[in-house]
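Undergrad: First the structure, which I've put down as structure tokens, then a few questions once you've had a look.
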Amino acid sequence: MNHIALKMLMGDTGKYIGIVMGLTFASLIMTQQPAIFLGIMSRTYSFITDVGLPDIWVIDPKVQFVDDIKPMQDTELYRVRGISGVEWAMPMYKGLLKARLTDGTFQTCNVVGLDDATLIGGPPVMLEGKMDDLRRSDSVIVDIDGASEKLGKPSLIPGGKPVPLKIGDSLELNDRRAIVVGIAKVTRTFQSQPVIYTTYSRAKSYAPKERKLLSFVLVKAKKGQDLVELTRRIRESTGLAAYTQADFKTLTFEYFIHNTGIPINFGTSVLLGFIVGAAIAGQTFYNFTLGNIMQFGVLKAMGTSNWILLRMILLQAVLVGSIGYGLGVGLTALFGFAMRHTILAFKFPWQLLLFSGAGISLICAFAAIISILKVIRLEPAIVFKG
Amino acid sequence: MNLAVRCQNVVKVYDTGGQKVTALNGINLDIIAGQLMMLVGPSGCGKTTLISVIAGILDQDEGLCELFGENLLTMRSKDKLNFRAKNIGFVFQAFNLLPSLNAAENVSVPLIINGMKRTEAERKAITLLEQVGLGARWKSLPSQLSGGQQQRVAIARALVHNPRLIVCDEPTSALDHETGRNVMKLLKDVALHKDRTLVIVTHDARIFDFADRIAEMDDGHIVEVKG
């Protein structure tokens, strides 16, 4: 009977494509919109991901997320270094500074100051130049997106694309000269501002004079050290906040979840996609069953049991669901691939496949249940009603 | 004299939006095995309701209806389905072929319902199609066949599992006179034999001469049985 069920489903090409398209649309919306949402949200903590090496981030207890800089005194670094279980602890400066470009305009940049000696916390990928070049005077490393776009030099052609910064070019940070010695690839941040790396001491000289300028203390735990226990010791010894890398990402992620309209906006979009997809696919599938009600009646009159009819409808629902889901997920993957070099945020973890898979299953189950109820309640005597 | 169908005081009342309509009002009818019985009468007289009860696809409210000595009303649902699948063939006014299946696949459906493998069922279906003169058209979809050809496919479908009773609802009313008579001739030649009974509902007077007996109905009653 499976063969008959499939032939019934695919026999009416128009309706079949309609159901599959409805489910494809629902699957696309349920996958693509959350992928963009996750992409945007992952940018909120992309800086933490890029720094990578330290196990623990020590920050001011009032900090709510990674860009919420509340500077500490430099002496805190030495207090952290003195705690047992700490392999090393390095300072890091992070702040928003205005860069004056060659055409006289200003651009706010994310300036990151790395430990002068070790340069720990530097960009994950160097495209041009070397990290060690940061030891040269006035040197900075600029991220490729910032160098190509916001920090680029004005085009010689009016309205043309900016000319990317290259090694040897200079800009001004707080009236001090900065010379580009390297171009790096970093993950885009939430605010998509250019990222400029320099040494900790030089970053402090660029920054406006303040009593406290230490943004983070980056800590590497000794081998075999329990990170949760170490963070507890750091908190108790210093009165500062200490998070593992994963916990600091979670803190940042949750700040954006609870304090911005992003989740509700995307949530609404996903919910609408789900409802529209469910309505289109559910109604088309139900209409398909209604359209075939006489055929189901004939099968029932001939002696087909409700159980077999139920299996036939479930098979039809599973088939259209699988095809629609596959197409939707495939289109989302293509979308992500096509947008990989653009500013668009996109993150497609395997959990998202489960999420949209569950959504499509729900739609198909709903459509199948209302169709099955109709067929089960069907009086086989309908076959003689012309 | 073997009885295929025995109806005694069969009553069926429909509830249509609070209004009771008595479709069968104490039907008494015996149908002899191996005969072609026609149920005739004006529209709304209860013919279709009666063959639905006889075929076991509608339960009567009162009375007894036995099919080959079995009371379908008291059967368990599963047994009733199996009984119907094995013993009854259907021919409908609007053919009711599955539009996305070809002729052979349509004919093979009762065999598949009875548990036969698809390839074997389709092979047997093609043999049946040859008997009804459509051997060369076994791959055709219903939409590619004329009305008469579709009805012949429907007859092959009703016969393929060798049922003991074939119920036909207005099998000629959608066909022109000549095609209708050809279909009836085919039914009588191919379908009818001593172990198989045909019950045909019709008000097409042009085919009455094919009947062994004719039961005339009116207003839920059997008015007269001729022959």
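Residues are named by chain letter and number: chains run A, B, ... in the order of the structure tokens, numbers start at 1 in each chain, and ligands are numbered from 1 in the order shown.
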Do you know which residues are at most 9 Å from range 254-259 of chain A counting only C-alpha atoms, after dropping those on the same chain fewer than 6 positions away, and could you put them as a CSV table (one decimal) with C-alpha atoms, in the first residue's frame?
TA:
chain,number,residue,atom,x,y,z
A,41,MET,CA,24.7,36.8,18.9
A,44,THR,CA,28.7,39.7,20.7
A,64,GLN,CA,28.0,42.9,32.2
A,65,PHE,CA,29.4,41.9,28.9
Undergrad: Based on only C-alpha atoms, which of the residues in chain A come within 6 Å of chain B? I want them as a PyMOL selection string.
TA: chain A and resi 7-8+11+302-303+380-381
Undergrad: Now that the selection is made, can you save its residues with C-alpha atoms as a PDB file, in the first residue's frame?
TA:
ATOM      1  CA  LYS A   7       1.572   7.423  -6.236  1.00  0.00           C
ATOM      2  CA  MET A   8      -1.456   9.189  -4.762  1.00  0.00           C
ATOM      3  CA  GLY A  11       0.110  11.892  -8.943  1.00  0.00           C
ATOM      4  CA  MET A 302     -12.605  -2.512  -0.496  1.00  0.00           C
ATOM      5  CA  GLY A 303     -11.400  -3.576   2.929  1.00  0.00           C
ATOM      6  CA  PRO A 380     -17.034   4.054   3.386  1.00  0.00           C
ATOM      7  CA  ALA A 381     -20.606   4.340   2.061  1.00  0.00           C
TER       8      ALA A 381
END
Undergrad: Please identify every residue of range 175-196 of chain B that has at least one atom no farther than 8 Å from an atom of range 204-226 of chain B, counting only C-alpha atoms, and for each give the shortest atom pair and the distance in Å to one decimal, arranged by chain then increasing number, as a tab-separated table.
TA:
residue	atom	partner	partner_atom	distance
B:His177	CA	B:Arg206	CA	7.7
B:Gly180	CA	B:Ile207	CA	7.9
B:Arg181	CA	B:Ile207	CA	6.6
B:Met184	CA	B:Phe210	CA	7.2
B:Lys185	CA	B:Phe210	CA	7.7
B:Lys188	CA	B:Phe210	CA	7.5
Undergrad: I need the residues from that last selection saved to file as a CSV table (one decimal), in the first residue's frame (with C-alpha atoms), if you can.
TA:
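Generated output (result-v1.csv):
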chain,number,residue,atom,x,y,z
B,177,HIS,CA,-26.4,3.5,-24.7
B,180,GLY,CA,-23.6,0.8,-21.5
B,181,ARG,CA,-24.9,-2.3,-23.1
B,184,MET,CA,-23.5,-5.0,-19.1
B,185,LYS,CA,-22.7,-7.7,-21.6
B,188,LYS,CA,-22.8,-10.8,-17.5
Undergrad: Do you know which residues are at most 12 Å from Gln225 in chain A counting only C-alpha atoms, after dropping those on the same chain fewer than 3 positions away, and could you put them as a ChimeraX atom specification?
TA: /A:55-56,84-87,220-222,228-231,233
Undergrad: Find the residue from A:Ile262, A:Val111, A:Leu171, A:Leu334 that sits nearest to Ile40 in chain A; use only C-alpha atoms when measuring.
TA: A:Ile262
Undergrad: Please compute the CA of Leu165 in chain B-CA of Val190 in chain B distance, one decimal, in Å.
TA: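 Answer for the CA of Leu165 in chain B to CA of Val190 in chain B separation: 13.3 Å.
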Undergrad: Residues of range 155-274 of chain A that approach range 22-38 of chain A to 7 Å or less, counting only C-alpha atoms: could you list each one with the shortest pair of atoms and its distance in Å to one decimal, rows by chain and increasing residue number, as CSV?
TA:
residue,atom,partner,partner_atom,distance
A:Phe266,CA,A:Phe37,CA,6.5
A:Val270,CA,A:Met30,CA,5.5
A:Gly273,CA,A:Ile29,CA,5.4
A:Phe274,CA,A:Ala26,CA,5.7
Undergrad: For C-alpha atoms, I'd like the residues from the last selection saved as a PDB file, in the first residue's frame.
TA:
ATOM      1  CA  PHE A 266      14.073  37.293  15.460  1.00  0.00           C
ATOM      2  CA  VAL A 270      10.822  32.621  13.283  1.00  0.00           C
ATOM      3  CA  GLY A 273       7.637  31.698   9.544  1.00  0.00           C
ATOM      4  CA  PHE A 274       6.532  28.693  11.546  1.00  0.00           C
TER       5      PHE A 274
END
Undergrad: With DSSP run on the backbone, what are the strand (DSSP E or B) residues within range 98-315 of chain A? I'd like them as a ChimeraX atom specification.
TA: /A:98-100,106-114,125-128,139-143,153,163,170-173,176-185,195-199,214,216-221,241-244
Undergrad: Restricting it to C-alpha atoms, dump the selection as a tab-separated table (two decimals), in the first residue's frame.
TA:
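The resulting file, again_9.tsv, is shown below:
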chain	number	residue	atom	x	y	z
A	98	LYS	CA	38.68	57.69	17.71
A	99	ALA	CA	41.10	57.32	14.83
A	100	ARG	CA	41.74	60.30	12.60
A	106	PHE	CA	37.21	60.33	12.47
A	107	GLN	CA	36.32	56.71	12.94
A	108	THR	CA	35.68	55.00	16.27
A	109	CYS	CA	37.85	51.90	16.61
A	110	ASN	CA	38.23	49.06	19.03
A	111	VAL	CA	41.78	49.37	20.28
A	112	VAL	CA	43.24	46.27	21.89
A	113	GLY	CA	46.45	46.50	23.91
A	114	LEU	CA	48.42	43.26	24.28
A	125	VAL	CA	45.18	35.05	11.79
A	126	MET	CA	47.81	37.39	10.36
A	127	LEU	CA	47.19	38.11	6.68
A	128	GLU	CA	50.14	40.48	6.18
A	139	SER	CA	53.12	50.13	15.30
A	140	VAL	CA	49.57	48.81	15.06
A	141	ILE	CA	47.90	45.85	13.37
A	142	VAL	CA	44.54	46.51	11.74
A	143	ASP	CA	41.84	43.98	10.93
A	153	LYS	CA	41.55	55.92	2.38
A	163	VAL	CA	41.41	52.33	-0.88
A	170	SER	CA	49.56	55.72	9.12
A	171	LEU	CA	46.66	57.12	11.07
A	172	GLU	CA	46.23	59.12	14.25
A	173	LEU	CA	44.94	57.78	17.52
A	176	ARG	CA	49.44	60.16	18.29
A	177	ARG	CA	50.80	58.56	15.19
A	178	ALA	CA	50.07	54.91	14.53
A	179	ILE	CA	51.78	53.03	11.71
A	180	VAL	CA	50.19	49.95	10.20
A	181	VAL	CA	52.64	47.03	10.38
A	182	GLY	CA	50.23	44.19	9.81
A	183	ILE	CA	46.81	43.22	8.54
A	184	ALA	CA	44.90	40.56	10.47
A	185	LYS	CA	41.78	38.52	10.03
A	195	VAL	CA	39.88	46.48	15.45
A	196	ILE	CA	43.34	47.87	16.04
A	197	TYR	CA	45.93	45.80	17.93
A	198	THR	CA	48.92	47.32	19.63
A	199	THR	CA	50.96	46.75	22.78
A	214	LEU	CA	43.48	47.63	32.73
A	216	PHE	CA	41.09	42.38	31.46
A	217	VAL	CA	43.54	40.07	33.13
A	218	LEU	CA	43.96	37.00	30.96
A	219	VAL	CA	44.79	33.92	32.99
A	220	LYS	CA	46.18	30.55	31.98
A	221	ALA	CA	45.64	27.85	34.57
A	241	ALA	CA	34.98	38.74	38.78
A	242	ALA	CA	36.56	35.71	37.10
A	243	TYR	CA	34.97	33.70	34.34
A	244	THR	CA	36.05	30.78	32.28
Undergrad: Within 10 Å of range 306-320 of chain A, which residues of range 340-378 of chain A come that close, and what is the closest atom pair and distance in Å for each? Count only C-alpha atoms and give it as a tab-separated table.
TA:
residue	atom	partner	partner_atom	distance
A:Ile360	CA	A:Val318	CA	9.8
A:Ser361	CA	A:Val318	CA	8.0
A:Ile363	CA	A:Ala317	CA	9.4
A:Cys364	CA	A:Ala317	CA	5.7
A:Ala365	CA	A:Ala317	CA	7.4
A:Phe366	CA	A:Ala317	CA	9.6
A:Ala367	CA	A:Ala317	CA	7.6
A:Ala368	CA	A:Ala317	CA	6.1
A:Ile369	CA	A:Leu314	CA	8.6
A:Ser371	CA	A:Ile313	CA	7.5
A:Ile372	CA	A:Leu310	CA	5.9
A:Leu373	CA	A:Leu310	CA	8.9
A:Val375	CA	A:Leu309	CA	7.6
A:Ile376	CA	A:Asn306	CA	5.8
A:Arg377	CA	A:Asn306	CA	9.2
A:Leu378	CA	A:Asn306	CA	9.6
Undergrad: What would the file look like if the residues just selected were written as a PDB file, in the first residue's frame with N, CA and C atoms?
TA:
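Below is the file that was written, result12.pdb:
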ATOM      1  N   ILE A 360       9.519  21.224  11.588  1.00  0.00           N
ATOM      2  CA  ILE A 360       8.893  20.630  10.399  1.00  0.00           C
ATOM      3  C   ILE A 360       8.129  19.358  10.792  1.00  0.00           C
ATOM      4  N   SER A 361       8.718  18.591  11.704  1.00  0.00           N
ATOM      5  CA  SER A 361       8.029  17.371  12.157  1.00  0.00           C
ATOM      6  C   SER A 361       6.689  17.730  12.794  1.00  0.00           C
ATOM      7  N   ILE A 363       4.852  20.407  12.180  1.00  0.00           N
ATOM      8  CA  ILE A 363       3.914  20.826  11.132  1.00  0.00           C
ATOM      9  C   ILE A 363       3.335  19.592  10.430  1.00  0.00           C
ATOM     10  N   CYS A 364       4.228  18.666  10.069  1.00  0.00           N
ATOM     11  CA  CYS A 364       3.784  17.462   9.347  1.00  0.00           C
ATOM     12  C   CYS A 364       2.870  16.621  10.227  1.00  0.00           C
ATOM     13  N   ALA A 365       3.235  16.515  11.505  1.00  0.00           N
ATOM     14  CA  ALA A 365       2.410  15.719  12.421  1.00  0.00           C
ATOM     15  C   ALA A 365       1.020  16.337  12.532  1.00  0.00           C
ATOM     16  N   PHE A 366       0.989  17.669  12.641  1.00  0.00           N
ATOM     17  CA  PHE A 366      -0.289  18.372  12.750  1.00  0.00           C
ATOM     18  C   PHE A 366      -1.134  18.126  11.495  1.00  0.00           C
ATOM     19  N   ALA A 367      -0.491  18.322  10.325  1.00  0.00           N
ATOM     20  CA  ALA A 367      -1.210  18.139   9.052  1.00  0.00           C
ATOM     21  C   ALA A 367      -1.678  16.688   8.917  1.00  0.00           C
ATOM     22  N   ALA A 368      -0.805  15.754   9.310  1.00  0.00           N
ATOM     23  CA  ALA A 368      -1.160  14.334   9.174  1.00  0.00           C
ATOM     24  C   ALA A 368      -2.296  13.978  10.121  1.00  0.00           C
ATOM     25  N   ILE A 369      -2.246  14.525  11.340  1.00  0.00           N
ATOM     26  CA  ILE A 369      -3.278  14.159  12.336  1.00  0.00           C
ATOM     27  C   ILE A 369      -4.664  14.608  11.871  1.00  0.00           C
ATOM     28  N   SER A 371      -5.622  15.158   8.878  1.00  0.00           N
ATOM     29  CA  SER A 371      -5.984  14.354   7.706  1.00  0.00           C
ATOM     30  C   SER A 371      -6.406  12.951   8.132  1.00  0.00           C
ATOM     31  N   ILE A 372      -5.645  12.378   9.066  1.00  0.00           N
ATOM     32  CA  ILE A 372      -5.946  11.020   9.527  1.00  0.00           C
ATOM     33  C   ILE A 372      -7.323  10.975  10.198  1.00  0.00           C
ATOM     34  N   LEU A 373      -7.600  12.012  11.027  1.00  0.00           N
ATOM     35  CA  LEU A 373      -8.905  12.042  11.695  1.00  0.00           C
ATOM     36  C   LEU A 373     -10.032  12.047  10.678  1.00  0.00           C
ATOM     37  N   VAL A 375      -9.970  10.883   7.621  1.00  0.00           N
ATOM     38  CA  VAL A 375     -10.068   9.594   6.914  1.00  0.00           C
ATOM     39  C   VAL A 375     -10.622   8.513   7.847  1.00  0.00           C
ATOM     40  N   ILE A 376     -10.210   8.545   9.119  1.00  0.00           N
ATOM     41  CA  ILE A 376     -10.697   7.523  10.053  1.00  0.00           C
ATOM     42  C   ILE A 376     -12.212   7.657  10.264  1.00  0.00           C
ATOM     43  N   ARG A 377     -12.668   8.919  10.307  1.00  0.00           N
ATOM     44  CA  ARG A 377     -14.111   9.140  10.511  1.00  0.00           C
ATOM     45  C   ARG A 377     -14.916   8.923   9.233  1.00  0.00           C
ATOM     46  N   LEU A 378     -14.200   8.732   8.135  1.00  0.00           N
ATOM     47  CA  LEU A 378     -14.882   8.612   6.832  1.00  0.00           C
ATOM     48  C   LEU A 378     -15.767   7.370   6.783  1.00  0.00           C
TER      49      LEU A 378
END
Undergrad: Show which residues sit within 8 Å of Leu134 in chain B, as a PyMOL selection string. Count only C-alpha atoms, and ignore same-chain residues fewer than 6 positions away.
TA: chain B and resi 149+152-153
Undergrad: Check the smallest atom-to-atom distance from each of B:Val21, B:Leu159, B:Leu72, B:Ile54 to Val132 in chain B using only C-alpha atoms, then report the winner.
TA: B:Leu159
Undergrad: What's around Leu111 in chain B at 6 Å? Count only C-alpha atoms, leave out sequence neighbours fewer than 5 positions away in its own chain, and write the answer as a list in words.
TA: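 Result of the neighbour search: Met116, Ala121 and His161 of chain B.
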Undergrad: So the first atom is CA of Pro194 in chain A and the second is CA of Lys166 in chain A; what is the distance between them in Å, to one decimal place?
TA: 14.1 Å
Undergrad: Fewer than 5 positions away in the same chain doesn't count, so skip those; otherwise give me all residues within 10 Å of Met90 in chain A, counting only C-alpha atoms, as a list in words.
TA: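 Close residues of Met90 in chain A: Pro54, Trp57, Leu77, Tyr78, Val80, Arg81, Leu114, Asp115, Asp116, Ala117, Thr118, Leu119, Ile120, Gly121, Tyr200, Phe216, Val217, Leu218, Val219 and Lys220 of chain A.
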Undergrad: Generate the output file for the selected residues, C-alpha atoms, as a PDB file, in the first residue's frame.
TA:
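Below you can see result.pdb, which holds the result:
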ATOM      1  CA  PRO A  54      43.549  32.125  28.184  1.00  0.00           C
ATOM      2  CA  TRP A  57      39.090  36.223  32.164  1.00  0.00           C
ATOM      3  CA  LEU A  77      47.442  41.951  37.565  1.00  0.00           C
ATOM      4  CA  TYR A  78      50.085  41.188  40.199  1.00  0.00           C
ATOM      5  CA  VAL A  80      46.098  37.555  40.169  1.00  0.00           C
ATOM      6  CA  ARG A  81      49.591  36.326  39.319  1.00  0.00           C
ATOM      7  CA  LEU A 114      48.418  43.262  24.285  1.00  0.00           C
ATOM      8  CA  ASP A 115      51.020  42.368  26.859  1.00  0.00           C
ATOM      9  CA  ASP A 116      54.249  44.010  25.610  1.00  0.00           C
ATOM     10  CA  ALA A 117      56.428  41.004  26.224  1.00  0.00           C
ATOM     11  CA  THR A 118      54.295  38.073  25.072  1.00  0.00           C
ATOM     12  CA  LEU A 119      51.698  39.738  22.810  1.00  0.00           C
ATOM     13  CA  ILE A 120      49.163  37.231  24.195  1.00  0.00           C
ATOM     14  CA  GLY A 121      45.622  37.926  22.989  1.00  0.00           C
ATOM     15  CA  TYR A 200      49.491  47.337  26.229  1.00  0.00           C
ATOM     16  CA  PHE A 216      41.089  42.377  31.464  1.00  0.00           C
ATOM     17  CA  VAL A 217      43.543  40.072  33.133  1.00  0.00           C
ATOM     18  CA  LEU A 218      43.963  37.000  30.956  1.00  0.00           C
ATOM     19  CA  VAL A 219      44.790  33.918  32.993  1.00  0.00           C
ATOM     20  CA  LYS A 220      46.185  30.554  31.978  1.00  0.00           C
TER      21      LYS A 220
END
Undergrad: What does the structure give for the distance between CA of Asn25 in chain B and CA of Leu64 in chain B, in Å to one decimal?
TA: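 Going from CA of Asn25 in chain B over to CA of Leu64 in chain B, I get 12.6 Å.
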